[in-house]
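Source file: model16.cif (mmCIF, C-alpha atoms)
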data_input
loop_
_atom_site.label_atom_id
_atom_site.label_comp_id
_atom_site.auth_asym_id
_atom_site.auth_seq_id
_atom_site.Cartn_x
_atom_site.Cartn_y
_atom_site.Cartn_z
CA MET B 1 -13.66 -12.53 12.76
CA THR B 2 -16.93 -11.31 11.22
CA HIS B 3 -16.85 -7.69 12.44
CA PRO B 4 -13.33 -6.32 11.83
CA ASP B 5 -12.39 -2.65 11.79
CA PHE B 6 -11.17 -2.92 8.20
CA ILE B 7 -11.88 -5.29 5.33
CA LEU B 8 -9.21 -5.24 2.63
CA ILE B 9 -9.95 -6.76 -0.75
CA GLY B 10 -6.92 -8.08 -2.65
CA SER B 11 -3.81 -9.65 -1.17
CA GLY B 12 -1.23 -8.20 -3.51
CA MET B 13 1.55 -6.08 -2.07
CA MET B 14 -0.70 -3.04 -1.60
CA GLY B 15 -3.27 -4.97 0.41
CA MET B 16 -0.64 -6.71 2.52
CA SER B 17 1.38 -3.54 3.15
CA ILE B 18 -1.70 -1.64 4.35
CA ALA B 19 -2.88 -4.62 6.40
CA LEU B 20 0.50 -4.83 8.12
CA HIS B 21 0.45 -1.22 9.33
CA LEU B 22 -3.19 -1.31 10.39
CA SER B 23 -2.72 -4.55 12.32
CA ARG B 24 0.38 -3.29 14.07
CA ALA B 25 -1.65 -0.26 15.14
CA GLY B 26 -4.02 -2.61 16.95
CA LYS B 27 -6.81 -2.65 14.39
CA ARG B 28 -8.79 -5.77 13.55
CA VAL B 29 -8.13 -6.53 9.90
CA VAL B 30 -9.52 -9.12 7.50
CA LEU B 31 -7.85 -9.52 4.11
CA LEU B 32 -9.89 -11.21 1.37
CA GLU B 33 -8.24 -12.80 -1.69
CA LYS B 34 -10.15 -14.46 -4.53
CA ASP B 35 -7.14 -16.59 -5.49
CA THR B 36 -3.86 -17.09 -3.63
CA ILE B 37 -1.50 -14.59 -2.03
CA GLY B 38 0.38 -12.49 -4.58
CA LYS B 39 -0.80 -14.59 -7.52
CA HIS B 40 -1.21 -11.73 -9.96
CA ALA B 41 0.79 -8.51 -10.51
CA SER B 42 2.59 -8.58 -7.15
CA GLY B 43 4.00 -12.04 -7.69
CA VAL B 44 4.38 -11.76 -11.46
CA ASN B 45 6.85 -8.99 -12.17
CA ALA B 46 10.59 -8.51 -12.64
CA GLY B 47 11.13 -7.30 -9.06
CA GLY B 48 12.60 -3.94 -10.04
CA ILE B 49 12.84 -1.22 -7.39
CA ARG B 50 13.38 1.87 -9.51
CA SER B 51 13.52 5.56 -8.70
CA LEU B 52 15.33 6.43 -11.94
CA LYS B 53 13.22 8.44 -14.39
CA ARG B 54 10.04 8.09 -12.39
CA ASP B 55 7.30 10.63 -12.96
CA ALA B 56 7.69 13.53 -10.53
CA ASP B 57 4.40 12.63 -8.81
CA TYR B 58 5.93 9.31 -7.75
CA LEU B 59 9.18 10.64 -6.30
CA PRO B 60 8.14 11.04 -2.63
CA LEU B 61 6.62 7.55 -2.63
CA ILE B 62 9.45 5.77 -4.41
CA HIS B 63 12.20 7.39 -2.35
CA GLY B 64 10.33 6.60 0.86
CA SER B 65 9.87 3.03 -0.37
CA LEU B 66 13.55 2.76 -1.31
CA ASP B 67 14.55 3.57 2.25
CA MET B 68 12.24 0.80 3.42
CA TRP B 69 13.50 -1.71 0.85
CA HIS B 70 17.05 -1.12 2.06
CA ASN B 71 15.87 -1.89 5.60
CA MET B 72 13.26 -4.54 4.87
CA GLU B 73 14.64 -6.90 7.50
CA LYS B 74 13.43 -4.41 10.12
CA VAL B 75 10.05 -4.05 8.44
CA VAL B 76 9.03 -7.70 7.93
CA GLY B 77 11.87 -9.79 9.35
CA SER B 78 13.27 -10.68 5.94
CA ASP B 79 15.37 -8.86 3.35
CA CYS B 80 12.85 -10.07 0.72
CA GLY B 81 15.75 -10.95 -1.55
CA PHE B 82 16.48 -7.25 -2.02
CA TYR B 83 19.90 -6.24 -3.24
CA GLN B 84 21.21 -2.95 -4.59
CA THR B 85 21.83 -3.13 -8.33
CA GLY B 86 21.44 0.41 -9.56
CA TYR B 87 19.45 1.38 -12.64
CA LEU B 88 20.91 2.80 -15.85
CA ILE B 89 19.43 4.30 -19.01
CA ALA B 90 21.68 4.66 -22.06
CA ALA B 91 21.38 7.32 -24.76
CA GLU B 92 21.72 6.32 -28.42
CA ASN B 93 22.26 9.83 -29.79
CA ALA B 94 22.68 13.50 -28.89
CA ASN B 95 18.92 14.14 -28.71
CA ALA B 96 18.41 11.29 -26.25
CA MET B 97 21.35 12.49 -24.16
CA ARG B 98 19.90 15.99 -24.08
CA GLU B 99 16.59 14.55 -22.78
CA LEU B 100 18.45 12.77 -20.00
CA GLU B 101 20.35 15.94 -19.11
CA GLU B 102 17.05 17.81 -18.83
CA ARG B 103 15.65 15.04 -16.69
CA ALA B 104 18.61 15.17 -14.29
CA ALA B 105 18.24 18.95 -14.01
CA GLU B 106 14.53 18.63 -13.20
CA THR B 107 14.97 16.08 -10.42
CA HIS B 108 17.93 17.94 -8.93
CA ALA B 109 15.79 21.07 -8.81
CA LEU B 110 13.22 19.09 -6.80
CA GLY B 111 15.91 18.10 -4.29
CA TYR B 112 16.59 14.57 -5.54
CA THR B 113 20.26 14.09 -6.40
CA ASN B 114 20.33 10.34 -7.04
CA GLU B 115 20.18 10.62 -10.84
CA ILE B 116 23.70 11.04 -12.21
CA LEU B 117 24.78 11.60 -15.82
CA ILE B 118 27.49 9.32 -17.20
CA ASP B 119 29.64 9.47 -20.36
CA LYS B 120 30.30 6.72 -22.90
CA LYS B 121 33.33 5.38 -21.07
CA GLN B 122 31.40 5.03 -17.82
CA LEU B 123 28.47 3.50 -19.69
CA LYS B 124 30.61 0.78 -21.26
CA LYS B 125 32.21 0.03 -17.91
CA LEU B 126 28.87 -0.35 -16.14
CA ALA B 127 26.97 -2.03 -19.00
CA PRO B 128 29.43 -3.51 -21.51
CA ILE B 129 26.65 -5.32 -23.39
CA VAL B 130 25.16 -2.00 -24.61
CA LYS B 131 26.02 -1.53 -28.30
CA ASP B 132 28.80 0.87 -29.19
CA HIS B 133 26.62 3.52 -30.84
CA CYS B 134 25.32 4.58 -27.39
CA ILE B 135 27.05 7.77 -26.23
CA GLY B 136 26.27 8.07 -22.52
CA GLY B 137 23.38 7.87 -20.11
CA ILE B 138 21.95 8.44 -16.66
CA MET B 139 22.03 6.21 -13.58
CA SER B 140 20.73 5.89 -10.04
CA GLY B 141 22.93 3.76 -7.83
CA LYS B 142 20.53 3.26 -4.90
CA ASP B 143 17.90 1.38 -6.92
CA GLY B 144 17.70 -2.37 -6.73
CA HIS B 145 15.92 -5.67 -7.18
CA SER B 146 13.75 -7.77 -4.91
CA SER B 147 12.29 -11.24 -5.28
CA PRO B 148 8.49 -10.96 -5.71
CA ALA B 149 7.99 -14.48 -4.34
CA GLU B 150 10.15 -13.87 -1.24
CA THR B 151 8.55 -10.47 -0.69
CA CYS B 152 4.97 -11.73 -0.84
CA CYS B 153 5.85 -14.61 1.48
CA ALA B 154 7.57 -12.32 4.00
CA PHE B 155 4.68 -9.83 4.09
CA TYR B 156 2.17 -12.67 4.42
CA LYS B 157 3.99 -14.05 7.45
CA ALA B 158 4.35 -10.56 8.93
CA ILE B 159 0.64 -9.68 8.67
CA GLN B 160 -0.35 -13.00 10.23
CA LYS B 161 2.06 -12.38 13.09
CA ALA B 162 0.56 -8.90 13.51
CA GLY B 163 -2.91 -10.44 13.93
CA ALA B 164 -4.54 -9.92 10.54
CA VAL B 165 -6.89 -12.65 9.31
CA VAL B 166 -6.34 -13.72 5.69
CA HIS B 167 -8.95 -15.64 3.68
CA SER B 168 -7.53 -17.02 0.43
CA ASN B 169 -9.70 -18.46 -2.36
CA CYS B 170 -12.45 -16.24 -0.99
CA GLU B 171 -14.19 -14.18 -3.64
CA VAL B 172 -16.21 -11.09 -2.82
CA LEU B 173 -19.66 -11.66 -4.28
CA ASP B 174 -21.46 -8.52 -3.18
CA ILE B 175 -21.00 -5.38 -1.07
CA THR B 176 -23.80 -3.26 0.36
CA ASN B 177 -23.37 -0.04 2.29
CA GLY B 178 -25.89 1.05 4.92
CA ALA B 179 -26.23 3.06 8.11
CA ASN B 180 -24.08 0.57 10.04
CA GLY B 181 -21.30 0.32 7.47
CA PHE B 182 -20.52 -2.31 4.86
CA THR B 183 -21.84 -5.83 4.50
CA VAL B 184 -19.51 -7.97 2.40
CA ARG B 185 -20.79 -11.31 1.14
CA THR B 186 -18.07 -13.84 0.25
CA SER B 187 -17.93 -17.18 -1.54
CA THR B 188 -16.37 -19.21 1.28
CA HIS B 189 -16.51 -17.27 4.57
CA GLY B 190 -20.06 -16.04 4.77
CA THR B 191 -20.92 -12.42 5.40
CA LEU B 192 -18.57 -9.90 7.01
CA HIS B 193 -19.30 -6.43 8.39
CA ALA B 194 -17.03 -3.39 8.75
CA GLU B 195 -17.22 0.39 8.72
CA GLN B 196 -14.21 0.64 6.40
CA VAL B 197 -13.44 -1.25 3.17
CA ILE B 198 -10.20 -0.85 1.22
CA ASN B 199 -10.23 -1.81 -2.44
CA CYS B 200 -6.78 -3.16 -3.39
CA ALA B 201 -8.14 -5.56 -5.99
CA GLY B 202 -5.81 -4.65 -8.87
CA ALA B 203 -7.29 -5.74 -12.19
CA TRP B 204 -10.57 -6.48 -10.36
CA ALA B 205 -10.74 -3.08 -8.62
CA GLY B 206 -13.29 -1.63 -11.04
CA ARG B 207 -15.65 -4.52 -10.38
CA ILE B 208 -15.32 -4.13 -6.63
CA ALA B 209 -16.01 -0.39 -6.86
CA ALA B 210 -19.09 -0.99 -9.00
CA MET B 211 -20.60 -3.12 -6.21
CA VAL B 212 -21.10 0.07 -4.16
CA GLY B 213 -22.11 2.23 -7.11
CA ASP B 214 -18.66 3.73 -7.56
CA GLU B 215 -16.99 3.97 -10.95
CA LEU B 216 -13.25 3.66 -11.52
CA PRO B 217 -11.64 4.11 -14.96
CA ILE B 218 -9.52 0.98 -14.62
CA THR B 219 -8.79 -1.35 -17.53
CA PRO B 220 -7.40 -4.84 -16.81
CA VAL B 221 -4.11 -5.49 -18.63
CA GLY B 222 -1.66 -8.37 -18.76
CA ALA B 223 1.95 -7.63 -17.79
CA SER B 224 4.63 -10.01 -19.04
CA VAL B 225 8.22 -10.98 -18.25
CA MET B 226 10.71 -13.22 -20.09
CA VAL B 227 13.56 -15.14 -18.48
CA THR B 228 16.63 -16.52 -20.24
CA ALA B 229 18.85 -19.48 -19.50
CA ARG B 230 21.71 -18.82 -17.08
CA MET B 231 24.63 -16.91 -18.56
CA PRO B 232 28.05 -15.72 -17.35
CA ARG B 233 27.93 -12.44 -15.40
CA LEU B 234 27.28 -9.66 -17.93
CA LEU B 235 25.94 -6.73 -15.90
CA HIS B 236 24.94 -5.68 -12.41
CA HIS B 237 22.53 -2.83 -13.15
CA PHE B 238 19.04 -2.85 -14.55
CA VAL B 239 19.67 -1.42 -18.03
CA SER B 240 17.42 0.35 -20.50
CA VAL B 241 17.81 2.74 -23.44
CA GLN B 242 16.15 6.15 -23.65
CA GLY B 243 13.02 6.06 -25.79
CA ARG B 244 12.94 2.27 -25.99
CA ARG B 245 10.55 -0.08 -24.18
CA LEU B 246 12.97 -2.56 -22.71
CA TRP B 247 14.67 -3.36 -19.41
CA PHE B 248 17.44 -5.91 -18.92
CA ASN B 249 18.46 -7.26 -15.53
CA GLN B 250 20.67 -10.19 -14.62
CA ALA B 251 19.63 -12.05 -11.51
CA ARG B 252 22.07 -13.48 -9.01
CA ASN B 253 21.74 -16.93 -10.56
CA GLY B 254 22.78 -15.64 -14.00
CA THR B 255 19.40 -15.56 -15.71
CA LEU B 256 18.33 -12.39 -17.52
CA PHE B 257 14.94 -10.79 -16.91
CA ILE B 258 13.58 -9.00 -20.00
CA CYS B 259 10.56 -6.73 -19.68
CA GLY B 260 9.42 -3.27 -20.64
CA GLY B 261 5.68 -2.87 -20.74
CA TYR B 262 5.01 -5.47 -23.43
CA LEU B 263 1.50 -6.65 -22.70
CA ALA B 264 0.15 -10.17 -22.63
CA ASP B 265 -3.34 -10.99 -23.86
CA ILE B 266 -6.08 -10.79 -21.24
CA ASN B 267 -9.64 -12.03 -21.32
CA GLN B 268 -11.68 -9.03 -20.17
CA LYS B 269 -14.42 -11.26 -18.74
CA THR B 270 -12.37 -13.86 -16.84
CA LEU B 271 -9.20 -11.74 -16.53
CA GLU B 272 -7.12 -14.79 -17.41
CA THR B 273 -3.81 -13.88 -19.05
CA ARG B 274 -1.92 -15.56 -21.86
CA MET B 275 1.46 -14.72 -23.35
CA ASN B 276 1.33 -12.90 -26.70
CA PHE B 277 4.28 -14.32 -28.61
CA ARG B 278 4.08 -11.74 -31.39
CA THR B 279 4.55 -9.05 -28.76
CA LEU B 280 7.44 -10.97 -27.23
CA GLN B 281 9.03 -11.23 -30.68
CA THR B 282 8.95 -7.41 -30.88
CA CYS B 283 10.62 -7.23 -27.47
CA VAL B 284 13.36 -9.63 -28.58
CA GLN B 285 13.95 -7.57 -31.74
CA VAL B 286 14.46 -4.42 -29.65
CA ALA B 287 16.93 -6.36 -27.51
CA HIS B 288 18.79 -7.40 -30.65
CA ASP B 289 19.06 -3.76 -31.76
CA LEU B 290 20.47 -2.55 -28.46
CA PHE B 291 22.52 -5.28 -26.81
CA ASP B 292 25.50 -7.22 -28.15
CA ILE B 293 24.53 -10.50 -26.52
CA ALA B 294 20.96 -10.68 -27.82
CA GLU B 295 21.75 -13.35 -30.44
CA ASP B 296 23.04 -15.65 -27.69
CA LEU B 297 19.92 -15.47 -25.54
CA THR B 298 17.80 -18.54 -24.95
CA ILE B 299 14.36 -17.79 -23.56
CA VAL B 300 13.45 -20.61 -21.18
CA ARG B 301 10.25 -19.30 -19.63
CA SER B 302 7.86 -16.38 -19.54
CA TRP B 303 4.86 -15.42 -17.49
CA ALA B 304 2.02 -12.93 -17.36
CA GLY B 305 -0.12 -11.48 -14.60
CA ALA B 306 -3.21 -9.27 -14.48
CA ASP B 307 -3.00 -5.65 -13.33
CA GLY B 308 -5.25 -2.60 -13.47
CA GLU B 309 -4.39 0.40 -15.65
CA THR B 310 -5.80 3.94 -15.51
CA PRO B 311 -6.05 6.45 -18.42
CA ASP B 312 -3.07 8.48 -17.13
CA LEU B 313 -1.14 5.37 -16.01
CA LYS B 314 -1.11 6.63 -12.42
CA PRO B 315 -2.84 4.95 -9.49
CA ILE B 316 -5.93 5.90 -7.55
CA ILE B 317 -5.00 6.23 -3.87
CA SER B 318 -7.80 8.01 -2.07
CA ARG B 319 -11.01 7.83 -0.13
CA SER B 320 -13.95 7.51 -2.46
CA PRO B 321 -15.80 10.83 -2.90
CA PHE B 322 -18.97 8.86 -3.72
CA CYS B 323 -19.07 6.16 -1.04
CA ASP B 324 -18.26 6.97 2.59
CA GLY B 325 -15.99 4.41 4.17
CA MET B 326 -14.59 3.07 0.88
CA THR B 327 -10.92 3.68 0.04
CA HIS B 328 -9.40 2.79 -3.32
CA VAL B 329 -5.73 1.81 -3.64
CA CYS B 330 -5.45 0.45 -7.16
CA GLY B 331 -4.72 1.21 -10.81
CA PHE B 332 -0.94 1.10 -10.43
CA SER B 333 -0.48 0.35 -14.12
CA LYS B 334 2.43 -2.10 -13.67
CA HIS B 335 4.29 0.19 -11.21
CA GLY B 336 2.93 -0.92 -7.84
CA PHE B 337 5.42 -3.45 -6.51
CA ALA B 338 8.27 -1.00 -5.85
CA LEU B 339 5.94 1.62 -4.34
CA SER B 340 4.02 -0.68 -2.01
CA PRO B 341 5.98 -0.26 1.25
CA MET B 342 5.51 3.52 1.40
CA VAL B 343 1.97 3.43 0.00
CA GLY B 344 1.00 1.04 2.79
CA LYS B 345 2.52 3.31 5.40
CA ASP B 346 0.92 6.52 4.10
CA VAL B 347 -2.52 5.02 3.41
CA SER B 348 -2.59 3.50 6.90
CA ALA B 349 -1.75 6.85 8.45
CA MET B 350 -4.56 8.46 6.47
CA LEU B 351 -7.04 5.82 7.65
CA LEU B 352 -5.90 5.77 11.28
CA ASP B 353 -5.71 9.46 12.10
CA GLY B 354 -6.70 11.39 9.00
CA THR B 355 -3.12 12.31 8.15
CA LYS B 356 -3.06 13.97 4.75
CA SER B 357 0.17 12.97 3.08
CA ALA B 358 1.46 15.19 0.28
CA SER B 359 2.77 12.03 -1.36
CA LEU B 360 -0.81 10.84 -2.01
CA ALA B 361 -2.25 14.16 -3.21
CA PRO B 362 -1.63 13.58 -6.96
CA PHE B 363 -3.57 10.31 -6.93
CA LYS B 364 -7.07 11.37 -5.92
CA GLN B 365 -9.98 9.68 -7.62
CA GLU B 366 -11.59 13.04 -8.36
CA ARG B 367 -9.11 13.79 -11.15
CA PHE B 368 -11.14 11.51 -13.42
CA GLU B 369 -14.50 13.18 -12.84
CA ALA B 370 -14.35 15.02 -16.17
CA LEU B 371 -13.81 11.81 -18.17
#
Please express the file's structure as structure tokens.
Amino acid sequence: MTHPDFILIGSGMMGMSIALHLSRAGKRVVLLEKDTIGKHASGVNAGGIRSLKRDADYLPLIHGSLDMWHNMEKVVGSDCGFYQTGYLIAAENANAMRELEERAAETHALGYTNEILIDKKQLKKLAPIVKDHCIGGIMSGKDGHSSPAETCCAFYKAIQKAGAVVHSNCEVLDITNGANGFTVRTSTHGTLHAEQVINCAGAWAGRIAAMVGDELPITPVGASVMVTARMPRLLHHFVSVQGRRLWFNQARNGTLFICGGYLADINQKTLETRMNFRTLQTCVQVAHDLFDIAEDLTIVRSWAGADGETPDLKPIISRSPFCDGMTHVCGFSKHGFALSPMVGKDVSAMLLDGTKSASLAPFKQERFEAL
């Protein structure tokens, strides 16, 4: 297919989710991936599906996505390994607890009642590994965990079944935009033509935008995750502590996932990532301060993946104001995996019939024009 209706660049969860909806609407879709499906941020994350303590701008998207995650079998024919865990944030002192109380009041005022305050007794029952100085917390029971590998595989199969064409190991070398739309030159599948191009290239999104003279304030970063040896069942929820950069989750097989925004090293030219063990040592020290079992942890593996980060740590989800026919869906700053089902649905609606979703309004590219 050399003349599709849409060319999508990047086969992470954003690209696949949009491709799925467009293909099911009868559109001819080609998805281009420079590496392999879900190799980077979409396949290299802890799999958390969190609504708890999300920025208010994200709430419509994450709650819409949560509904889809709970019914993923109907969406892609697989549950994607999703299971409901709940998320919990503990408070170490009165000031932290007051911040969580204010947070709960804010979200309740917006109509979201999933965030519930808990006292110390409830905290210790739900997360007994949290150290005794913690006095309470906040939780959201509907949140959960999905397997990134299973999810990427399920979406890949679903988009193929829907008729989308996927070219892996196919790098975009150049894009030109003329009177008849876009001409996209690739490394392995020649030249493609389409009136619409969707930039879902993650850490590479800035480079793709620059090919058509567009400028995106996206910095490539390396996200990292650590995994421990299997342990007896310690907790069900994803657990964090207010004001601390750390999340704990125990998978079904007993391993613990440890993450929290600790960045890996990334080569800004090649965008290859490498674990930063000094940073991981800081992460382990925080775990030691907060959780009773930290001394017993054995880290057996870790990994890092490239993602794109914006100055305000919020994505760009909008038509380009500078290049007709180009749409950017990128810059998710390590928060894209959980949001991808609803983003794909809303972006597809915008592209198919011009539907203007209120959920996408905060993420327009124009907000960076003054930078």
What residues come out when you apply the PyMOL selection byres ((chain B and resi 33) around 9) to this file, written as a ChimeraX atom specification?
/B:8-12,31-32,34-37,166-172,201
Counting only C-alpha atoms, which residues of stretch 7-61 of chain B fall within 6 Å of stretch 295-319 of chain B, and what is the closest atom pair for each with its distance in Å at one decimal, ordered by chain and rising number, as CSV?
residue,atom,partner,partner_atom,distance
B:His40,CA,B:Gly305,CA,4.8
B:Ala41,CA,B:Gly305,CA,5.1
B:Val44,CA,B:Gly305,CA,5.5
List the residues matched by the PyMOL selection byres ((chain B and resi 352) around 12) in the displayed structure as a PyMOL selection string, ordered by chain and then by residue number.
chain B and resi 5-6+18-19+21-27+196+344-351+353-356
Pairwise distance, atom CA of B:Thr107 with atom CA of B:Asp143, equals 15.4 Å
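Omitting B:Arg245 and its sequence neighbours fewer than 3 positions away, and counting all atoms listed in the file, the residues within 12 Å are Ile89, Val239, Ser240, Val241, Gln242, Phe248, Ile258, Cys259, Gly260, Gly261, Tyr262, Leu263, Thr279, Leu280, Thr282, Cys283, Val284, Gln285, Val286, Ala287, Asp289 and Leu290 of chain B.
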